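Enquirer: Just dropping this structure here.
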Amino acid sequence: MTGFVILAALLALIVLVIVLYNLLVRKRQLVNNGWADIDVQLKRRADLIPSLVRTVQGYAAHERQLFEEITEKRNAAAAAGDDPARRGAAESALSRPVAKLIAVAEDYPDLKASGNFLDLQNELSETENKIEMARRFYNGAVRELNTLIESFPVNVAAPAFGFAKRGYFEIETADRAAPEVRLGASS
């Protein structure tokens with residue numbers, strides 16, 4: 001009878017470990033999926049920026065320093081990789097000159113009225129919204145994974161299986177390039 005109890009307890013422990021491991025894997029996959037969504041949107045934004053720069057250059061060629069800063073920050077963001085903290089800082093740094101570029105357009109009525117510029121500005125605005133949605137999904141998945149990893153009894157098993165807490169992805173909201181799209185006549 002004692003052997004049966006020990007065997008049942010051992011079996012229950014094995015089942016518990018399997019269930020916990022599979023739960024950790026599911027949470028990690030959600031985090032990875034969330035990061036992939038963020039990465040896609042950030043790449044989309046990075047692909048829009050050169051077109052936006054080319055369009056503004058046609059009207060404001062003397063803004064050369066701003067164009068160079070955007071290129072430099074865009075390259076730094078691309079090189080930041082998959083570390084959420086480094087990538088967030090690099091993307092925030094890129095958002096500053098892009099916001100300045102949008103502001104430069106305000107000084108050029110012909111540029112503001114350009115259909116190409118308005119389309120690019122609208123696409124950039126939509127992409128910023130998609131980045132925000134992807135960031136929220138990712139950070140929610142990270143929160144769930146981190147909470148699980150810190151909870152007992154998972155906190156005992158998680159390190160043994162190589163699971164670790166993940167970092168949140170933050171972009172400074174004050175620095176984000178959230179372009180305002182104004183359609184119609186200029187004031």
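Identifiers in this document derive from the order of the structure tokens: chains are assigned A, B, ..., residues are numbered from 1 separately in each chain, and ligands are numbered from 1 in order of occurrence.
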Got a sec: who's within 12 Å of Gly81 in chain A, counting only C-alpha atoms, leaving out chain neighbours fewer than 5 positions off, as a list in words?
Expert: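 Here the qualifying residues turn out to be Trp35, Ala36, Asp39, Leu42, Lys43, Asn75, Ala76, Arg86, Arg87, Gly88, Ala89, Ala90 and Glu91 of chain A.
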Enquirer: If you run DSSP on this backbone, which residues of range 4-174 of chain A come out as alpha helix (DSSP H), and could you give them as a ChimeraX atom specification?
Expert: /A:4-57,64-79,84-105,109-113,115-150,154-157
Enquirer: Write the selection just made, keeping C-alpha atoms, as a tab-separated table (two decimals), in the first residue's frame?
Expert:
```
chain	number	residue	atom	x	y	z
A	4	PHE	CA	1.17	2.50	-4.28
A	5	VAL	CA	0.92	5.87	-2.46
A	6	ILE	CA	4.52	6.72	-3.33
A	7	LEU	CA	3.94	5.74	-6.97
A	8	ALA	CA	0.72	7.82	-7.11
A	9	ALA	CA	2.47	10.83	-5.57
A	10	LEU	CA	5.36	10.47	-8.02
A	11	LEU	CA	2.94	10.20	-10.93
A	12	ALA	CA	1.02	13.27	-9.70
A	13	LEU	CA	4.31	15.19	-9.46
A	14	ILE	CA	5.28	14.19	-13.00
A	15	VAL	CA	1.86	15.26	-14.33
A	16	LEU	CA	2.16	18.57	-12.45
A	17	VAL	CA	5.60	19.24	-13.93
A	18	ILE	CA	4.33	18.43	-17.45
A	19	VAL	CA	1.32	20.72	-17.04
A	20	LEU	CA	3.47	23.56	-15.69
A	21	TYR	CA	6.03	23.14	-18.46
A	22	ASN	CA	3.33	23.22	-21.16
A	23	LEU	CA	1.77	26.30	-19.57
A	24	LEU	CA	5.14	28.05	-19.60
A	25	VAL	CA	5.64	27.11	-23.24
A	26	ARG	CA	2.22	28.53	-24.19
A	27	LYS	CA	2.95	31.81	-22.39
A	28	ARG	CA	6.39	32.08	-23.97
A	29	GLN	CA	4.88	31.53	-27.42
A	30	LEU	CA	2.38	34.35	-26.81
A	31	VAL	CA	5.27	36.64	-25.86
A	32	ASN	CA	7.23	35.60	-28.98
A	33	ASN	CA	4.15	36.15	-31.15
A	34	GLY	CA	3.63	39.59	-29.61
A	35	TRP	CA	7.24	40.54	-30.25
A	36	ALA	CA	6.98	39.38	-33.86
A	37	ASP	CA	3.94	41.66	-34.33
A	38	ILE	CA	5.85	44.63	-32.88
A	39	ASP	CA	8.83	43.86	-35.11
A	40	VAL	CA	6.66	43.77	-38.24
A	41	GLN	CA	5.10	47.13	-37.44
A	42	LEU	CA	8.44	48.72	-36.57
A	43	LYS	CA	9.88	47.48	-39.87
A	44	ARG	CA	6.85	48.87	-41.69
A	45	ARG	CA	7.44	52.25	-40.04
A	46	ALA	CA	11.15	52.09	-40.91
A	47	ASP	CA	10.21	51.39	-44.53
A	48	LEU	CA	7.85	54.39	-44.65
A	49	ILE	CA	10.38	56.86	-43.30
A	50	PRO	CA	12.66	57.03	-46.39
A	51	SER	CA	9.65	57.79	-48.60
A	52	LEU	CA	8.55	60.50	-46.20
A	53	VAL	CA	12.07	61.97	-46.16
A	54	ARG	CA	12.28	61.94	-49.97
A	55	THR	CA	8.93	63.71	-50.22
A	56	VAL	CA	9.89	66.42	-47.73
A	57	GLN	CA	13.37	66.80	-49.30
A	64	ARG	CA	19.82	68.26	-44.52
A	65	GLN	CA	20.87	67.86	-40.86
A	66	LEU	CA	17.39	66.58	-39.97
A	67	PHE	CA	17.45	64.10	-42.85
A	68	GLU	CA	20.87	62.84	-41.74
A	69	GLU	CA	19.67	62.51	-38.14
A	70	ILE	CA	16.67	60.46	-39.27
A	71	THR	CA	18.91	58.17	-41.31
A	72	GLU	CA	21.29	57.72	-38.38
A	73	LYS	CA	18.49	57.02	-35.88
A	74	ARG	CA	16.75	54.65	-38.31
A	75	ASN	CA	19.96	52.65	-38.71
A	76	ALA	CA	20.43	52.57	-34.93
A	77	ALA	CA	16.88	51.30	-34.45
A	78	ALA	CA	17.44	48.57	-37.01
A	79	ALA	CA	20.67	47.57	-35.26
A	84	PRO	CA	12.94	45.26	-25.88
A	85	ALA	CA	14.72	47.86	-23.75
A	86	ARG	CA	17.37	48.71	-26.38
A	87	ARG	CA	14.84	48.62	-29.20
A	88	GLY	CA	12.40	50.83	-27.29
A	89	ALA	CA	15.10	53.41	-26.60
A	90	ALA	CA	16.24	53.36	-30.22
A	91	GLU	CA	12.69	53.66	-31.55
A	92	SER	CA	11.99	56.55	-29.17
A	93	ALA	CA	15.13	58.28	-30.41
A	94	LEU	CA	13.96	57.77	-34.01
A	95	SER	CA	10.52	59.17	-33.25
A	96	ARG	CA	11.93	62.56	-32.25
A	97	PRO	CA	13.40	63.57	-35.64
A	98	VAL	CA	10.44	62.01	-37.49
A	99	ALA	CA	8.10	64.22	-35.44
A	100	LYS	CA	10.31	67.20	-36.37
A	101	LEU	CA	10.04	66.18	-40.03
A	102	ILE	CA	6.25	66.21	-39.80
A	103	ALA	CA	6.44	69.63	-38.13
A	104	VAL	CA	8.67	70.93	-40.96
A	105	ALA	CA	5.87	70.12	-43.37
A	109	PRO	CA	1.68	74.69	-47.76
A	110	ASP	CA	2.42	72.96	-51.08
A	111	LEU	CA	3.89	70.00	-49.21
A	112	LYS	CA	0.97	69.84	-46.78
A	113	ALA	CA	-1.39	69.76	-49.75
A	115	GLY	CA	-1.41	63.89	-51.96
A	116	ASN	CA	1.74	61.79	-51.66
A	117	PHE	CA	2.72	63.48	-48.39
A	118	LEU	CA	-0.79	63.14	-46.97
A	119	ASP	CA	-0.86	59.45	-47.90
A	120	LEU	CA	2.52	58.85	-46.27
A	121	GLN	CA	1.53	60.81	-43.17
A	122	ASN	CA	-1.70	58.81	-42.91
A	123	GLU	CA	0.16	55.50	-43.33
A	124	LEU	CA	2.65	56.54	-40.66
A	125	SER	CA	-0.18	57.45	-38.31
A	126	GLU	CA	-1.89	54.10	-38.93
A	127	THR	CA	1.40	52.30	-38.35
A	128	GLU	CA	1.93	54.14	-35.05
A	129	ASN	CA	-1.52	52.94	-33.95
A	130	LYS	CA	-0.67	49.38	-34.96
A	131	ILE	CA	2.61	49.58	-33.04
A	132	GLU	CA	0.68	50.69	-29.96
A	133	MET	CA	-1.78	47.78	-30.28
A	134	ALA	CA	1.05	45.29	-30.80
A	135	ARG	CA	2.93	46.78	-27.83
A	136	ARG	CA	-0.10	46.36	-25.59
A	137	PHE	CA	-0.55	42.74	-26.66
A	138	TYR	CA	3.13	41.99	-26.14
A	139	ASN	CA	3.30	43.69	-22.74
A	140	GLY	CA	0.14	41.83	-21.63
A	141	ALA	CA	1.69	38.51	-22.68
A	142	VAL	CA	4.94	39.43	-20.88
A	143	ARG	CA	2.97	40.33	-17.75
A	144	GLU	CA	1.22	36.94	-17.80
A	145	LEU	CA	4.49	35.05	-18.36
A	146	ASN	CA	6.33	36.99	-15.65
A	147	THR	CA	3.48	36.52	-13.17
A	148	LEU	CA	3.45	32.79	-13.87
A	149	ILE	CA	7.23	32.51	-13.50
A	150	GLU	CA	7.09	34.31	-10.15
A	154	VAL	CA	6.23	27.44	-11.14
A	155	ASN	CA	8.99	29.61	-9.68
A	156	VAL	CA	10.71	26.42	-8.58
A	157	ALA	CA	10.45	24.65	-11.94
```
Enquirer: Nearest to Asp83 in chain A: which of A:His62, A:Gly167, A:Pro153, A:Ala160 is it, counting only C-alpha atoms?
Expert: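 When distances to Asp83 in chain A are compared using only C-alpha atoms, the smallest one comes from A:Gly167.
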Enquirer: Grab the CA of Ala80 in chain A to CA of Lys165 in chain A distance for me, in Å with one decimal place.
Expert: 19.8 Å
